[in-house]
$ cat work-v3.txt   # compact mmCIF, C-alpha atoms and all ligand atoms
# COMPACT_ATOMS: atom_id res chain seq x y z
CA MET A 1 217.36 -293.57 -22.17
CA PRO A 2 219.68 -295.66 -20.03
CA SER A 3 222.23 -297.75 -21.82
CA SER A 4 221.78 -301.47 -21.88
CA CYS A 5 222.94 -304.90 -22.80
CA SER A 6 220.49 -306.40 -25.24
CA HIS A 7 222.35 -305.67 -28.45
CA PRO A 8 224.29 -308.23 -30.45
CA GLY A 9 227.97 -308.57 -29.59
CA HIS A 10 230.34 -306.29 -31.41
CA ARG A 11 233.36 -304.19 -30.63
CA HIS A 12 231.42 -301.64 -28.61
CA SER A 13 229.71 -304.16 -26.33
CA ILE A 14 228.53 -303.01 -22.94
CA PHE A 15 228.80 -305.72 -20.33
CA CYS A 16 225.94 -305.79 -17.82
CA ILE A 17 225.71 -307.82 -14.63
CA ILE A 18 221.95 -308.44 -14.85
CA PRO A 19 221.44 -310.61 -17.93
CA PRO A 20 218.64 -309.93 -20.41
CA HIS A 21 216.75 -313.14 -19.66
CA MET A 22 216.19 -311.94 -16.06
CA LEU A 23 215.05 -308.48 -17.18
CA ARG A 24 212.68 -310.07 -19.69
CA ALA A 25 211.23 -312.22 -16.90
CA ILE A 26 210.55 -309.09 -14.85
CA ALA A 27 208.96 -307.43 -17.88
CA ARG A 28 206.68 -310.48 -18.18
CA ASN A 29 205.91 -311.14 -14.53
CA GLY A 30 206.33 -307.83 -12.72
CA ASN A 31 203.84 -305.14 -11.79
CA ASP A 32 203.55 -302.04 -13.99
CA GLN A 33 206.37 -300.19 -12.26
CA GLN A 34 208.73 -303.18 -12.23
CA ARG A 35 207.93 -303.81 -15.89
CA GLN A 36 208.78 -300.22 -16.79
CA PHE A 37 212.10 -300.32 -14.94
CA ALA A 38 212.99 -303.62 -16.58
CA LEU A 39 212.12 -302.29 -20.03
CA ASP A 40 214.20 -299.17 -19.36
CA SER A 41 217.11 -301.35 -18.36
CA LEU A 42 216.69 -303.43 -21.51
CA GLY A 43 216.51 -300.27 -23.64
CA HIS A 44 218.72 -299.63 -26.58
CA ASP A 45 222.26 -298.57 -25.85
CA SER A 46 223.02 -296.63 -29.02
CA THR A 47 222.84 -293.27 -27.27
CA HIS A 48 225.43 -294.35 -24.79
CA ARG A 49 227.72 -295.90 -27.38
CA SER A 50 227.62 -292.77 -29.49
CA ARG A 51 228.55 -290.63 -26.52
CA ARG A 52 231.53 -292.86 -25.82
CA GLU A 53 232.73 -292.80 -29.38
CA ILE A 54 232.49 -289.01 -29.49
CA ALA A 55 234.41 -288.75 -26.22
CA ASN A 56 237.11 -291.02 -27.61
CA PHE A 57 237.43 -289.07 -30.83
CA ALA A 58 237.61 -285.81 -28.88
CA GLY A 59 240.32 -287.31 -26.73
CA GLN A 60 238.42 -286.41 -23.59
CA GLN A 61 239.45 -289.37 -21.51
CA VAL A 62 243.18 -288.76 -21.82
CA ILE A 63 244.61 -288.21 -18.38
CA LEU A 64 248.03 -289.82 -18.50
CA PRO A 65 249.41 -291.53 -15.40
CA PRO A 66 252.73 -290.35 -14.01
CA PRO A 67 255.54 -291.63 -16.26
CA VAL A 68 257.30 -293.62 -13.55
CA ILE A 69 255.44 -295.84 -11.08
CA LEU A 70 257.81 -297.96 -9.04
CA VAL A 71 255.26 -299.77 -6.90
CA PRO A 72 251.92 -300.46 -8.57
CA HIS A 73 249.06 -298.88 -6.69
CA PRO A 74 245.38 -298.45 -7.42
CA ASN A 75 244.25 -295.25 -9.05
CA ARG A 76 240.55 -295.05 -8.29
CA HIS A 77 238.00 -292.37 -9.07
CA VAL A 78 234.37 -292.67 -8.07
CA TYR A 79 231.91 -290.30 -9.70
CA ASN A 80 228.24 -289.51 -9.12
CA THR A 81 225.76 -288.74 -11.91
CA ASN A 82 223.04 -287.89 -9.33
CA HIS A 83 220.48 -289.85 -11.36
CA GLY A 84 221.56 -288.34 -14.66
CA THR A 85 223.15 -290.34 -17.48
CA THR A 86 226.06 -288.13 -18.54
CA LEU A 87 229.24 -290.03 -17.73
CA PRO A 88 231.37 -289.96 -15.76
CA GLY A 89 229.54 -287.40 -13.56
CA VAL A 90 230.88 -285.35 -10.67
CA MET A 91 233.96 -286.60 -8.82
CA ALA A 92 232.90 -287.97 -5.43
CA ARG A 93 236.07 -289.63 -4.14
CA ALA A 94 239.54 -289.90 -5.65
CA GLU A 95 242.38 -292.25 -4.73
CA GLY A 96 243.63 -291.70 -1.19
CA GLN A 97 240.75 -289.50 -0.11
CA PRO A 98 238.84 -290.42 3.07
CA ALA A 99 235.43 -292.04 3.06
CA VAL A 100 232.49 -289.79 2.23
CA ALA A 101 228.89 -289.72 3.50
CA ASP A 102 227.51 -291.60 0.48
CA ALA A 103 227.86 -295.35 1.19
CA ALA A 104 227.52 -296.26 -2.50
CA VAL A 105 230.63 -294.18 -3.29
CA ASN A 106 232.64 -295.91 -0.55
CA ASP A 107 231.42 -299.37 -1.55
CA VAL A 108 232.57 -298.87 -5.12
CA TYR A 109 235.88 -297.39 -3.98
CA ASP A 110 236.48 -300.45 -1.77
CA ASN A 111 235.39 -303.00 -4.37
CA LEU A 112 237.59 -301.45 -7.07
CA GLY A 113 240.40 -301.81 -4.52
CA HIS A 114 239.55 -305.47 -3.82
CA THR A 115 239.66 -306.20 -7.54
CA PHE A 116 242.98 -304.38 -7.97
CA GLY A 117 244.30 -306.32 -4.95
CA LEU A 118 243.52 -309.79 -6.29
CA TYR A 119 245.02 -309.03 -9.68
CA LEU A 120 248.16 -307.41 -8.25
CA ASN A 121 248.88 -309.61 -5.25
CA ILE A 122 247.96 -312.96 -6.76
CA PHE A 123 248.47 -312.55 -10.51
CA HIS A 124 251.06 -309.72 -10.46
CA ARG A 125 248.88 -307.72 -12.80
CA ASN A 126 248.98 -303.93 -12.53
CA SER A 127 245.32 -302.98 -12.98
CA ILE A 128 242.95 -303.81 -15.81
CA ASN A 129 245.40 -303.27 -18.66
CA ASN A 130 248.49 -304.40 -16.68
CA ALA A 131 249.86 -300.88 -17.09
CA GLY A 132 248.32 -299.02 -14.17
CA MET A 133 245.07 -298.01 -15.83
CA ALA A 134 242.84 -295.85 -13.65
CA MET A 135 239.85 -297.70 -12.21
CA ASN A 136 236.82 -295.49 -12.53
CA GLY A 137 233.26 -296.02 -11.38
CA THR A 138 230.06 -293.99 -11.46
CA VAL A 139 227.20 -294.38 -8.97
CA HIS A 140 223.53 -293.27 -8.97
CA TYR A 141 223.31 -293.68 -12.74
CA SER A 142 219.83 -292.81 -14.07
CA ASN A 143 216.68 -293.49 -12.00
CA GLY A 144 216.14 -296.94 -10.51
CA TYR A 145 218.44 -298.34 -13.18
CA ASP A 146 218.45 -302.10 -12.61
CA ASN A 147 221.96 -302.92 -13.72
CA ALA A 148 225.68 -302.34 -13.42
CA PHE A 149 228.00 -302.44 -16.40
CA TRP A 150 231.50 -302.03 -17.80
CA ASN A 151 231.35 -299.79 -20.86
CA GLY A 152 234.86 -300.44 -22.16
CA SER A 153 236.52 -297.79 -20.02
CA GLN A 154 234.71 -297.56 -16.67
CA MET A 155 232.10 -299.13 -14.38
CA VAL A 156 228.60 -297.74 -14.01
CA PHE A 157 226.10 -298.61 -11.28
CA GLY A 158 222.38 -297.97 -11.10
CA ASP A 159 220.63 -297.82 -7.73
CA GLY A 160 218.31 -300.58 -8.85
CA HIS A 161 214.57 -300.94 -8.44
CA VAL A 162 213.83 -304.68 -8.47
CA PHE A 163 217.51 -305.33 -7.72
CA SER A 164 219.49 -303.46 -5.09
CA GLY A 165 222.94 -303.33 -3.58
CA LEU A 166 224.79 -303.55 -6.91
CA THR A 167 227.52 -301.31 -5.48
CA LYS A 168 227.93 -303.54 -2.39
CA SER A 169 228.57 -306.77 -4.26
CA ILE A 170 232.30 -307.47 -4.45
CA ASP A 171 231.86 -310.14 -7.10
CA VAL A 172 229.74 -307.84 -9.29
CA THR A 173 232.64 -305.37 -9.50
CA GLY A 174 235.17 -308.20 -9.92
CA HIS A 175 233.04 -309.67 -12.72
CA GLU A 176 232.66 -306.39 -14.58
CA LEU A 177 236.31 -305.30 -14.33
CA THR A 178 237.35 -308.73 -15.57
CA HIS A 179 235.48 -307.91 -18.78
CA GLY A 180 238.09 -305.15 -19.03
CA VAL A 181 240.95 -307.61 -18.43
CA THR A 182 239.52 -309.93 -21.10
CA GLN A 183 239.28 -306.95 -23.45
CA PHE A 184 243.03 -306.33 -23.00
CA GLU A 185 244.08 -310.01 -23.01
CA SER A 186 242.27 -312.81 -24.85
CA GLY A 187 239.67 -310.52 -26.42
CA LEU A 188 237.10 -313.32 -26.36
CA ALA A 189 234.14 -312.44 -28.59
CA TYR A 190 230.76 -311.87 -26.97
CA HIS A 191 228.56 -314.40 -28.69
CA ASP A 192 227.94 -318.14 -28.54
CA GLN A 193 230.71 -320.27 -26.99
CA PRO A 194 233.44 -317.58 -27.04
CA GLY A 195 230.91 -315.26 -25.34
CA ALA A 196 229.95 -317.83 -22.72
CA LEU A 197 233.68 -318.26 -22.02
CA ASN A 198 234.00 -314.46 -21.76
CA GLU A 199 231.12 -314.42 -19.24
CA SER A 200 232.58 -317.36 -17.36
CA MET A 201 236.01 -315.71 -17.15
CA SER A 202 234.29 -312.78 -15.44
CA ASP A 203 232.49 -315.05 -12.98
CA VAL A 204 235.69 -317.04 -12.28
CA PHE A 205 237.72 -313.94 -11.40
CA GLY A 206 234.71 -312.18 -9.86
CA ILE A 207 234.22 -314.96 -7.31
CA MET A 208 237.98 -315.04 -6.63
CA VAL A 209 237.96 -311.27 -5.93
CA LYS A 210 235.30 -311.95 -3.29
CA GLN A 211 237.07 -315.04 -1.90
CA HIS A 212 240.36 -313.14 -1.68
CA ALA A 213 238.81 -310.07 -0.03
CA LEU A 214 237.04 -312.24 2.57
CA ASN A 215 239.83 -314.86 2.86
CA LEU A 216 237.53 -317.73 1.89
CA THR A 217 238.75 -321.19 0.93
CA THR A 218 237.06 -323.16 -1.85
CA ALA A 219 235.10 -325.01 0.86
CA GLN A 220 234.04 -321.81 2.63
CA SER A 221 232.87 -319.95 -0.50
CA ASP A 222 229.20 -320.14 -1.53
CA TRP A 223 230.27 -319.90 -5.20
CA LEU A 224 227.29 -317.60 -5.85
CA ILE A 225 227.54 -314.58 -8.15
CA GLY A 226 225.41 -311.64 -7.03
CA VAL A 227 223.85 -313.20 -3.95
CA GLY A 228 221.42 -310.83 -2.20
CA LEU A 229 220.89 -308.48 -5.15
CA PHE A 230 217.19 -309.33 -5.07
CA PRO A 231 215.91 -308.12 -1.67
CA ALA A 232 212.67 -310.10 -1.85
CA TYR A 233 214.76 -313.30 -1.98
CA PRO A 234 217.96 -312.52 -0.08
CA THR A 235 219.54 -315.99 -0.39
CA GLN A 236 219.05 -316.19 -4.16
CA ALA A 237 221.67 -315.07 -6.67
CA LEU A 238 222.29 -314.47 -10.36
CA ARG A 239 224.35 -317.61 -10.88
CA SER A 240 225.74 -320.56 -8.96
CA MET A 241 229.09 -321.93 -10.06
CA LYS A 242 228.74 -324.88 -7.66
CA ALA A 243 225.27 -325.85 -8.89
CA PRO A 244 224.36 -324.02 -12.10
CA GLY A 245 220.59 -323.85 -12.58
CA THR A 246 219.82 -323.42 -8.87
CA ALA A 247 220.74 -319.76 -8.24
CA TYR A 248 217.17 -318.48 -8.23
CA ASN A 249 213.59 -319.65 -8.49
CA ASN A 250 210.75 -317.21 -7.80
CA PRO A 251 207.53 -315.87 -9.34
CA LEU A 252 209.09 -312.69 -10.70
CA LEU A 253 212.31 -314.03 -12.24
CA GLY A 254 211.22 -317.58 -12.99
CA HIS A 255 214.01 -320.10 -12.57
CA ASP A 256 217.73 -320.07 -13.29
CA PRO A 257 218.20 -321.47 -16.83
CA GLN A 258 221.90 -322.30 -16.54
CA PRO A 259 223.07 -325.78 -17.58
CA ALA A 260 225.85 -327.50 -15.62
CA ASP A 261 226.98 -329.76 -18.49
CA MET A 262 227.04 -330.12 -22.27
CA ALA A 263 224.07 -332.50 -22.29
CA HIS A 264 221.94 -329.52 -21.29
CA TYR A 265 223.60 -326.87 -23.49
CA VAL A 266 220.96 -324.28 -24.43
CA GLN A 267 220.64 -323.37 -28.11
CA THR A 268 219.15 -319.87 -28.24
CA ALA A 269 219.35 -316.76 -30.37
CA GLN A 270 218.70 -314.60 -27.31
CA ASP A 271 221.40 -313.21 -25.03
CA ASN A 272 223.97 -313.27 -27.89
CA GLY A 273 223.54 -317.01 -28.14
CA GLY A 274 223.08 -317.61 -24.43
CA VAL A 275 226.34 -316.11 -23.16
CA HIS A 276 224.90 -315.71 -19.62
CA ILE A 277 223.25 -319.13 -19.79
CA ASN A 278 225.82 -321.57 -21.17
CA SER A 279 228.55 -319.93 -19.07
CA GLY A 280 227.24 -322.32 -16.41
CA ILE A 281 229.22 -325.12 -18.07
CA PRO A 282 232.75 -323.57 -17.91
CA ASN A 283 231.82 -322.00 -14.55
CA HIS A 284 231.11 -325.45 -13.17
CA ALA A 285 234.35 -326.82 -14.63
CA PHE A 286 236.28 -324.13 -12.74
CA TYR A 287 234.40 -324.88 -9.53
CA LEU A 288 235.05 -328.62 -9.88
CA THR A 289 238.77 -327.99 -10.47
CA ALA A 290 239.12 -325.64 -7.50
CA ASN A 291 237.06 -327.87 -5.24
CA ALA A 292 239.10 -330.96 -6.11
CA LEU A 293 242.35 -329.13 -5.33
CA GLY A 294 241.13 -327.45 -2.12
CA GLY A 295 242.78 -324.52 -0.37
CA TYR A 296 242.25 -321.15 -2.01
CA ALA A 297 240.93 -321.13 -5.58
CA TRP A 298 243.53 -318.61 -6.71
CA GLU A 299 246.50 -320.79 -5.68
CA LYS A 300 246.08 -323.38 -8.43
CA ALA A 301 242.86 -323.28 -10.47
CA GLY A 302 243.01 -319.49 -10.71
CA GLN A 303 246.63 -319.57 -11.91
CA ILE A 304 245.72 -322.04 -14.65
CA TRP A 305 242.77 -319.93 -15.81
CA TYR A 306 244.88 -316.76 -15.74
CA ASP A 307 247.61 -318.44 -17.82
CA THR A 308 244.87 -319.40 -20.29
CA GLN A 309 243.44 -315.86 -20.35
CA ARG A 310 246.92 -314.61 -21.38
CA ASP A 311 247.62 -317.36 -23.93
CA ALA A 312 248.30 -316.04 -27.45
CA ALA A 313 246.64 -319.16 -28.84
CA LEU A 314 243.39 -318.15 -27.15
CA LYS A 315 243.69 -314.58 -28.42
CA SER A 316 244.23 -315.76 -31.99
CA THR A 317 241.01 -317.81 -31.85
CA ALA A 318 238.96 -315.38 -29.76
CA GLN A 319 236.14 -315.13 -32.32
CA THR A 320 235.56 -318.84 -32.73
CA VAL A 321 236.98 -320.72 -29.75
CA THR A 322 234.89 -323.63 -28.50
CA PHE A 323 234.49 -324.90 -24.94
CA LYS A 324 236.53 -327.92 -26.02
CA SER A 325 239.48 -325.89 -27.37
CA PHE A 326 239.42 -323.72 -24.27
CA ALA A 327 239.34 -326.82 -22.06
CA ASN A 328 242.35 -328.26 -23.85
CA LEU A 329 244.24 -325.00 -23.30
CA THR A 330 243.55 -325.13 -19.56
CA VAL A 331 244.83 -328.73 -19.45
CA THR A 332 247.97 -327.65 -21.33
CA HIS A 333 248.57 -324.80 -18.88
CA ALA A 334 247.95 -327.03 -15.87
CA ALA A 335 250.60 -329.44 -17.21
CA ALA A 336 253.02 -326.60 -18.00
CA ARG A 337 252.71 -325.03 -14.56
CA PHE A 338 252.33 -328.09 -12.34
CA GLY A 339 253.56 -331.08 -14.40
CA ALA A 340 252.10 -333.48 -16.95
CA ALA A 341 251.33 -336.11 -14.31
CA SER A 342 250.32 -333.63 -11.61
CA ALA A 343 247.17 -333.70 -9.51
CA GLU A 344 246.43 -330.22 -10.86
CA ARG A 345 246.49 -331.34 -14.49
CA ASN A 346 244.29 -334.33 -13.63
CA ALA A 347 241.83 -332.18 -11.69
CA VAL A 348 241.42 -329.86 -14.68
CA PHE A 349 240.92 -332.75 -17.10
CA ASN A 350 238.46 -334.51 -14.81
CA ALA A 351 236.44 -331.31 -14.34
CA TRP A 352 235.97 -330.82 -18.08
CA HIS A 353 235.19 -334.53 -18.45
CA THR A 354 232.51 -334.30 -15.75
CA VAL A 355 230.76 -331.42 -17.55
CA GLY A 356 230.90 -333.35 -20.82
CA VAL A 357 233.32 -331.06 -22.67
CA LEU A 358 236.28 -333.46 -22.83
CA PRO A 359 235.87 -337.19 -23.50
ZN ZN B 1 229.32 -310.12 -17.73
$ encode --input "work-v3.txt" --output "structure tokens"
Amino acid sequence: MPSSCSHPGHRHSIFCIIPPHMLRAIARNGNDQQRQFALDSLGHDSTHRSRREIANFAGQQVILPPPVILVPHPNRHVYNTNHGTTLPGVMARAEGQPAVADAAVNDVYDNLGHTFGLYLNIFHRNSINNAGMAMNGTVHYSNGYDNAFWNGSQMVFGDGHVFSGLTKSIDVTGHELTHGVTQFESGLAYHDQPGALNESMSDVFGIMVKQHALNLTTAQSDWLIGVGLFPAYPTQALRSMKAPGTAYNNPLLGHDPQPADMAHYVQTAQDNGGVHINSGIPNHAFYLTANALGGYAWEKAGQIWYDTQRDAALKSTAQTVTFKSFANLTVTHAAARFGAASAERNAVFNAWHTVGVLP
């Protein structure tokens, strides 16, 4: 059975791009075939987790990088499971090799490169762990598997059934690999407010990977995560950072449940306490900050969020941090980087005030 994302948060979390509330909507509203694919995608992930733990204990993933790397460079490997579920699959394209016939392989190769590029060129970070970690992805996972995920050591992409084009979406790969960065940095838990911040961190850097790859300013970006993944509704998306709650609305998926402010915070036991739902609030705060400052999001807002991601104070509270504590950390970092009376610090404060997190 394909691995999935519906389990409670714990140290072996698998991070999926299609959230459980959307898969449940398909299971409710879809035809028999769509329902079956959605249920498969929601299926239990224990088989997958066990396989990963066994691989770790057996030391199978140990391929050490060269001892001296003077100039950081990406180290990508794209594999193909040919609709099986044994990871990583057969090597399809390694770093430096030319494009192959399979477009999904090339898309993943390119999007891993775009993600590496933002982190290196803008944040001076050498790959996911800041130590040159190989970036690995697997395509054609299972049959019609309606998701893409980071499993703690690599990315995995299904071909999709209701959804499609998961390998093409730059921000999907940026989002998922940022779960890896968070794993190595703040270690934000994956439930309730820490989990919504973890999800938001992935959307924040995911959208910046796309903006950087396409050279989009804050004004030019659509601020949509996963736009076009649903072929029946090509302009709809998984989430909108500019206008949370408006990303999608259709008979199969229902409507986007994301709140844009604390007055509409969703209390739910599902989705690990609504990690993909309440992330709309910090997502919107980032959008408001970047939009107020203009230019490219990574020049100012992105720097402040990256400083916060790396803050030891965030790491030490990763299990319990609230939106409010996180907001205060971003204000502190804005003041440290740009000045206590700076426009940047004020933009950050005003953004969190607008979404009702700071008074
Ligand atoms: Zn995620």
$ residues_near_point --input "work-v3.txt" --point "(232.1, -299.6, -15.2)" --cutoff "12 Å" --atoms "only C-alpha atoms" --output "NGL selection string"
:A and (14-17 or 76-79 or 87-88 or 108 or 111-112 or 128 or 134-139 or 141 or 147-158 or 166-167 or 172-180)
$ closest_residue --input "work-v3.txt" --among "A:Glu299, A:Glu95, A:Glu344, A:Asp271" --to "Leu118 (chain A)" --atoms "all atoms listed in the file"
A:Glu299
$ closest_residue --input "work-v3.txt" --among "A:Asn129, A:Asn29, A:Ser240, A:Asn283" --to "Ser186 (chain A)" --atoms "all atoms listed in the file"
A:Asn129
$ residues_around --input "work-v3.txt" --residues "Phe116 (chain A)" --least-positions-apart "5" --cutoff "8 Å" --atoms "only C-alpha atoms" --output "list in words"
Pro74, Asn126, Ser127 and Ile128 of chain A
$ residues_around --input "work-v3.txt" --residues "Asp171 (chain A)" --least-positions-apart "6" --cutoff "9 Å" --atoms "only C-alpha atoms" --output "NGL selection string"
:A and (111 or 115 or 203 or 205-211 or 224-226)
$ atom_distance --input "work-v3.txt" --atom1 "CA of Gly113 (chain A)" --atom2 "CA of Pro98 (chain A)"
13.8 Å
$ residues_around --input "work-v3.txt" --residues "region 305-316 of chain A" --least-positions-apart "3" --cutoff "9 Å" --atoms "all atoms listed in the file" --output "VMD selection string"
chain A and resid 123 181 to 182 185 to 188 201 204 to 205 286 300 to 302 319 321 325 to 326 329 to 330 332 to 334 337
$ atom_distance --input "work-v3.txt" --atom1 "CA of Asn143 (chain A)" --atom2 "CA of Gly84 (chain A)"
7.6 Å
$ closest_residue --input "work-v3.txt" --among "A:Asn272, A:Gln220, A:Gln183, A:Asn250" --to "Asn291 (chain A)" --atoms "all atoms listed in the file"
A:Gln220
$ atom_distance --input "work-v3.txt" --atom1 "CA of Ala285 (chain A)" --atom2 "CA of Leu253 (chain A)"
25.6 Å
$ closest_residue --input "work-v3.txt" --among "A:Ala335, A:Leu197, A:Ala92, A:Val266" --to "ligand ZN 1 (chain B)" --atoms "all atoms listed in the file"
A:Leu197
$ closest_residue --input "work-v3.txt" --among "A:Gln303, A:Asn328, A:Asn80, A:Ser202" --to "ligand ZN 1 (chain B)" --atoms "all atoms listed in the file"
A:Ser202
$ closest_residue --input "work-v3.txt" --among "A:Pro257, A:Gly117, A:Pro251, A:Gly274" --to "ligand ZN 1 (chain B)" --atoms "only C-alpha atoms and all ligand atoms"
A:Gly274
$ residues_near_point --input "work-v3.txt" --point "(212.0, -310.9, -2.3)" --cutoff "12 Å" --atoms "all atoms listed in the file" --output "list in words"
His161, Val162, Phe163, Ser164, Gly228, Leu229, Phe230, Pro231, Ala232, Tyr233, Pro234, Thr235, Gln236, Ala237, Tyr248, Asn249, Asn250, Pro251, Leu252 and Leu253 of chain A
$ write_last_selection --input "work-v3.txt" --atoms "C-alpha atoms" --output "mmCIF file, in the coordinates of the input"
data_model
loop_
_atom_site.group_PDB
_atom_site.id
_atom_site.type_symbol
_atom_site.label_atom_id
_atom_site.label_comp_id
_atom_site.auth_asym_id
_atom_site.auth_seq_id
_atom_site.Cartn_x
_atom_site.Cartn_y
_atom_site.Cartn_z
ATOM 1 C CA HIS A 161 214.570 -300.940 -8.440
ATOM 2 C CA VAL A 162 213.830 -304.680 -8.470
ATOM 3 C CA PHE A 163 217.510 -305.330 -7.720
ATOM 4 C CA SER A 164 219.490 -303.460 -5.090
ATOM 5 C CA GLY A 228 221.420 -310.830 -2.200
ATOM 6 C CA LEU A 229 220.890 -308.480 -5.150
ATOM 7 C CA PHE A 230 217.190 -309.330 -5.070
ATOM 8 C CA PRO A 231 215.910 -308.120 -1.670
ATOM 9 C CA ALA A 232 212.670 -310.100 -1.850
ATOM 10 C CA TYR A 233 214.760 -313.300 -1.980
ATOM 11 C CA PRO A 234 217.960 -312.520 -0.080
ATOM 12 C CA THR A 235 219.540 -315.990 -0.390
ATOM 13 C CA GLN A 236 219.050 -316.190 -4.160
ATOM 14 C CA ALA A 237 221.670 -315.070 -6.670
ATOM 15 C CA TYR A 248 217.170 -318.480 -8.230
ATOM 16 C CA ASN A 249 213.590 -319.650 -8.490
ATOM 17 C CA ASN A 250 210.750 -317.210 -7.800
ATOM 18 C CA PRO A 251 207.530 -315.870 -9.340
ATOM 19 C CA LEU A 252 209.090 -312.690 -10.700
ATOM 20 C CA LEU A 253 212.310 -314.030 -12.240
#
